[in-house]
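For reference, work03.txt (compact mmCIF, N, CA and C atoms):
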# COMPACT_ATOMS: atom_id res chain seq x y z
N MET A 12 -3.32 14.70 18.44
CA MET A 12 -3.32 13.91 17.22
C MET A 12 -3.96 14.72 16.09
N ARG A 13 -3.38 14.64 14.93
CA ARG A 13 -3.91 15.31 13.74
C ARG A 13 -4.10 14.25 12.67
N LEU A 14 -4.97 14.53 11.70
CA LEU A 14 -5.22 13.62 10.58
C LEU A 14 -5.04 14.36 9.27
N VAL A 15 -4.53 13.65 8.29
CA VAL A 15 -4.43 14.19 6.93
C VAL A 15 -4.90 13.09 5.98
N GLU A 16 -5.67 13.48 4.96
CA GLU A 16 -6.17 12.51 3.99
C GLU A 16 -5.24 12.44 2.79
N ALA A 17 -5.12 11.24 2.21
CA ALA A 17 -4.27 11.05 1.05
C ALA A 17 -4.73 9.83 0.27
N THR A 18 -4.30 9.75 -0.99
CA THR A 18 -4.57 8.58 -1.82
C THR A 18 -3.26 8.08 -2.40
N GLY A 19 -3.23 6.78 -2.67
CA GLY A 19 -2.04 6.17 -3.25
C GLY A 19 -2.42 5.11 -4.26
N MET A 20 -1.47 4.76 -5.12
CA MET A 20 -1.70 3.79 -6.18
C MET A 20 -0.49 2.90 -6.33
N SER A 21 -0.74 1.62 -6.69
CA SER A 21 0.33 0.67 -6.93
C SER A 21 -0.12 -0.33 -7.99
N THR A 22 0.83 -0.87 -8.71
CA THR A 22 0.53 -1.94 -9.66
C THR A 22 0.81 -3.30 -9.04
N LYS A 23 1.25 -3.32 -7.75
CA LYS A 23 1.66 -4.57 -7.12
C LYS A 23 0.61 -5.16 -6.17
N SER A 24 0.12 -4.34 -5.20
CA SER A 24 -0.78 -4.89 -4.18
C SER A 24 -1.53 -3.78 -3.46
N TRP A 25 -2.52 -4.21 -2.65
CA TRP A 25 -3.25 -3.28 -1.80
C TRP A 25 -2.31 -2.65 -0.78
N ASP A 26 -1.45 -3.48 -0.18
CA ASP A 26 -0.50 -2.99 0.82
C ASP A 26 0.39 -1.89 0.25
N ALA A 27 0.87 -2.12 -0.95
CA ALA A 27 1.74 -1.13 -1.59
C ALA A 27 0.97 0.16 -1.89
N ALA A 28 -0.31 0.06 -2.22
CA ALA A 28 -1.13 1.25 -2.46
C ALA A 28 -1.33 2.04 -1.17
N VAL A 29 -1.56 1.34 -0.05
CA VAL A 29 -1.70 2.01 1.24
C VAL A 29 -0.39 2.70 1.63
N LEU A 30 0.73 2.02 1.45
CA LEU A 30 2.02 2.63 1.77
C LEU A 30 2.31 3.84 0.88
N ALA A 31 1.91 3.78 -0.38
CA ALA A 31 2.07 4.92 -1.28
C ALA A 31 1.23 6.10 -0.81
N ALA A 32 0.04 5.83 -0.30
CA ALA A 32 -0.82 6.89 0.22
C ALA A 32 -0.21 7.53 1.46
N VAL A 33 0.36 6.73 2.35
CA VAL A 33 1.01 7.26 3.55
C VAL A 33 2.19 8.13 3.14
N LYS A 34 2.94 7.70 2.17
CA LYS A 34 4.08 8.49 1.68
C LYS A 34 3.60 9.79 1.04
N ALA A 35 2.48 9.74 0.32
CA ALA A 35 1.93 10.93 -0.33
C ALA A 35 1.42 11.95 0.67
N ALA A 36 1.10 11.50 1.89
CA ALA A 36 0.61 12.40 2.93
C ALA A 36 1.70 13.36 3.40
N LYS A 37 2.96 13.02 3.16
CA LYS A 37 4.11 13.87 3.51
C LYS A 37 4.11 14.24 5.00
N VAL A 38 3.88 13.22 5.83
CA VAL A 38 3.92 13.38 7.27
C VAL A 38 5.25 12.84 7.77
N LYS A 39 5.93 13.60 8.63
CA LYS A 39 7.25 13.18 9.09
C LYS A 39 7.22 11.89 9.91
N THR A 40 6.32 11.81 10.89
CA THR A 40 6.28 10.64 11.76
C THR A 40 4.84 10.15 11.93
N PRO A 41 4.34 9.38 10.95
CA PRO A 41 2.97 8.86 11.10
C PRO A 41 2.89 7.86 12.25
N VAL A 42 1.75 7.88 12.96
CA VAL A 42 1.57 6.95 14.06
C VAL A 42 0.45 5.94 13.79
N GLY A 43 -0.32 6.16 12.73
CA GLY A 43 -1.39 5.23 12.39
C GLY A 43 -2.02 5.59 11.06
N VAL A 44 -2.79 4.64 10.53
CA VAL A 44 -3.46 4.87 9.26
C VAL A 44 -4.83 4.21 9.30
N GLU A 45 -5.83 4.93 8.80
CA GLU A 45 -7.18 4.40 8.67
C GLU A 45 -7.48 4.29 7.18
N VAL A 46 -7.76 3.08 6.74
CA VAL A 46 -8.06 2.86 5.32
C VAL A 46 -9.55 3.12 5.11
N GLY A 47 -9.85 4.10 4.27
CA GLY A 47 -11.24 4.46 4.04
C GLY A 47 -11.85 3.74 2.86
N ARG A 48 -11.07 3.57 1.80
CA ARG A 48 -11.61 3.00 0.57
C ARG A 48 -10.51 2.33 -0.22
N LEU A 49 -10.81 1.17 -0.77
CA LEU A 49 -9.90 0.45 -1.68
C LEU A 49 -10.64 0.22 -2.98
N TRP A 50 -9.96 0.44 -4.10
CA TRP A 50 -10.55 0.11 -5.39
C TRP A 50 -9.45 -0.24 -6.37
N ALA A 51 -9.84 -0.91 -7.46
CA ALA A 51 -8.84 -1.37 -8.42
C ALA A 51 -9.36 -1.18 -9.84
N GLU A 52 -8.42 -1.09 -10.76
CA GLU A 52 -8.74 -1.04 -12.19
C GLU A 52 -8.53 -2.43 -12.76
N LEU A 53 -9.37 -2.79 -13.72
CA LEU A 53 -9.28 -4.09 -14.35
C LEU A 53 -8.59 -4.00 -15.70
N ASP A 54 -7.79 -5.01 -15.98
CA ASP A 54 -7.17 -5.18 -17.30
C ASP A 54 -7.58 -6.57 -17.75
N GLY A 55 -8.74 -6.66 -18.39
CA GLY A 55 -9.30 -7.97 -18.71
C GLY A 55 -9.77 -8.62 -17.42
N PRO A 56 -9.39 -9.87 -17.18
CA PRO A 56 -9.82 -10.55 -15.96
C PRO A 56 -8.92 -10.27 -14.74
N LYS A 57 -7.85 -9.49 -14.93
CA LYS A 57 -6.89 -9.25 -13.85
C LYS A 57 -6.99 -7.83 -13.30
N LEU A 58 -6.62 -7.69 -12.03
CA LEU A 58 -6.50 -6.37 -11.43
C LEU A 58 -5.18 -5.77 -11.89
N SER A 59 -5.24 -4.53 -12.40
CA SER A 59 -4.02 -3.94 -12.93
C SER A 59 -3.46 -2.82 -12.05
N ARG A 60 -4.32 -2.04 -11.42
CA ARG A 60 -3.86 -0.96 -10.55
C ARG A 60 -4.70 -0.96 -9.28
N TYR A 61 -4.01 -0.91 -8.16
CA TYR A 61 -4.65 -0.89 -6.86
C TYR A 61 -4.62 0.54 -6.32
N HIS A 62 -5.73 1.00 -5.77
CA HIS A 62 -5.83 2.36 -5.23
C HIS A 62 -6.29 2.28 -3.78
N ALA A 63 -5.83 3.24 -2.96
CA ALA A 63 -6.24 3.31 -1.56
C ALA A 63 -6.44 4.77 -1.16
N SER A 64 -7.51 5.01 -0.44
CA SER A 64 -7.78 6.32 0.14
C SER A 64 -7.67 6.15 1.65
N VAL A 65 -6.82 6.96 2.30
CA VAL A 65 -6.53 6.76 3.72
C VAL A 65 -6.55 8.08 4.48
N LYS A 66 -6.59 7.95 5.81
CA LYS A 66 -6.35 9.06 6.73
C LYS A 66 -5.13 8.67 7.55
N VAL A 67 -4.14 9.53 7.56
CA VAL A 67 -2.89 9.26 8.27
C VAL A 67 -2.88 10.10 9.55
N ALA A 68 -2.66 9.44 10.68
CA ALA A 68 -2.59 10.12 11.97
C ALA A 68 -1.14 10.43 12.32
N TYR A 69 -0.94 11.61 12.90
CA TYR A 69 0.40 12.01 13.35
C TYR A 69 0.26 12.95 14.54
N ARG A 70 1.34 13.07 15.30
CA ARG A 70 1.36 13.98 16.44
C ARG A 70 1.96 15.30 16.00
N GLU A 71 1.27 16.35 16.35
CA GLU A 71 1.77 17.69 16.03
C GLU A 71 2.77 18.11 17.10
N VAL A 72 3.88 18.66 16.69
CA VAL A 72 4.91 19.10 17.63
C VAL A 72 4.41 20.33 18.36
N GLN A 73 4.47 20.26 19.69
CA GLN A 73 4.07 21.40 20.52
C GLN A 73 5.23 22.38 20.62
N ARG A 74 4.94 23.63 20.35
CA ARG A 74 5.97 24.67 20.49
C ARG A 74 5.76 25.41 21.80
N ALA A 75 6.86 25.83 22.38
CA ALA A 75 6.78 26.62 23.60
C ALA A 75 6.19 27.99 23.27
N PRO A 76 5.34 28.52 24.14
CA PRO A 76 4.77 29.84 23.85
C PRO A 76 5.86 30.91 23.80
N ALA A 77 5.70 31.84 22.90
CA ALA A 77 6.69 32.93 22.77
C ALA A 77 6.56 33.88 23.96
N ARG A 78 7.69 34.33 24.44
CA ARG A 78 7.70 35.28 25.56
C ARG A 78 7.42 36.68 25.04
N ALA A 79 6.69 37.41 25.80
CA ALA A 79 6.40 38.81 25.43
C ALA A 79 7.64 39.65 25.64
N SER A 80 7.95 40.50 24.70
CA SER A 80 9.12 41.36 24.84
C SER A 80 8.73 42.59 25.65
N ARG A 81 9.67 43.09 26.40
CA ARG A 81 9.38 44.25 27.28
C ARG A 81 10.00 45.48 26.77

Can I see the file as C-alpha cells?
Amino acid sequence: MRLVEATGMSTKSWDAAVLAAVKAAKVKTPVGVEVGRLWAELDGPKLSRYHASVKVAYREVQRAPARASR
C-alpha cells in the first residue's frame, strides 16, 4: 500500500471537496481515503467554498524482476 497527499475544493459540499482531492491525487485505482482536514470559506453567513486535505491509498503494481543478460 502507498499513500499520496492531496487537497480538493468544491462550491457544493464536503463530499465533493473530498472527491476533488482524490481526483487531484492522480491515482489510477484508489482503494481508500483518509480525511485529514476540512475547512470552508465564508461568504457572509453562508459557507461558500469547501476544502479537504486527504491521504489517498493505492496499491503499487509489482513488476517482475529483470533477468540478467548473459

Problem set entry | Nearby residues (all atoms listed in the file) at most 6.5 Å from stretch 51-60 of chain A, same-chain spacing under 6 positions excluded, as an MDAnalysis selection string | chainID A and resid 20:23

Problem set entry | Point-to-point distance from atom CA of A:Val15 to atom CA of A:Ala27, Å rounded to tenths | 18.6 Å

Exercise. Neighbours of A:Ala17 within 7 Å (only N, CA and C atoms; same-chain residues fewer than 4 positions away dropped), as a VMD selection string?
Worked result: chain A and resid 32 to 33 35 to 36 63 to 67

For this session: Using atom CA of A:Gly19 and atom CA of A:Val38 as the two end points, give the distance in Å to one decimal.
Result: 14.1 Å

Exercise. Residues at most 5 Å from A:Val42, counting all atoms listed in the file, excluding those fewer than 2 positions away in the same chain, as an MDAnalysis selection string?
Worked result: chainID A and resid 40 44 68:69

N, CA and C atoms of the current selection, written as a compact mmCIF listing (two decimals), in the coordinates of the input:
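Full text of out_32.txt as output:
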# COMPACT_ATOMS: atom_id res chain seq x y z
N THR A 40 6.32 11.81 10.89
CA THR A 40 6.28 10.64 11.76
C THR A 40 4.84 10.15 11.93
N VAL A 44 -2.79 4.64 10.53
CA VAL A 44 -3.46 4.87 9.26
C VAL A 44 -4.83 4.21 9.30
N ALA A 68 -2.66 9.44 10.68
CA ALA A 68 -2.59 10.12 11.97
C ALA A 68 -1.14 10.43 12.32
N TYR A 69 -0.94 11.61 12.90
CA TYR A 69 0.40 12.01 13.35
C TYR A 69 0.26 12.95 14.54

For this session: Quick one: pull the distance between atom N of A:Trp25 and atom N of A:Leu49, Å, one decimal.
Result: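 Interatomic distance, atom N of A:Trp25 to atom N of A:Leu49: 10.1 Å.
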
Problem set entry | Residues flagged strand (DSSP E or B) by DSSP in stretch 41-80 of chain A, as a list in words | Pro41, Val42, Gly43, Val44, Glu45, Val46, Gly47, Arg48, Leu49, Trp50, Ala51, Glu52, Leu53, Asp54, Lys57, Leu58, Ser59, Arg60, Tyr61, His62, Ala63, Ser64, Val65, Lys66, Val67, Ala68 and Tyr69 of chain A

For this session: Could you please write out, as an MDAnalysis selection string, every residue of chain A that DSSP assigns to helix (DSSP H, G or I)?
Result: chainID A and resid 25:35

Problem set entry | Residues within 8 Å of A:Arg70, all atoms listed in the file, excluding chain neighbours under 6 positions, as a PyMOL selection string | chain A and resi 12-14+40-43

Seminar exercise, completed: Counting only C-alpha atoms, closest pick from A:Ala31, A:Glu71, A:Thr18, A:Ser24 relative to A:Arg48 is A:Thr18

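If you measure from each of A:Gln73, A:Arg78, A:Glu16, A:Tyr61 to A:Val29 using only N, CA and C atoms, the closest one turns out to be A:Tyr61.
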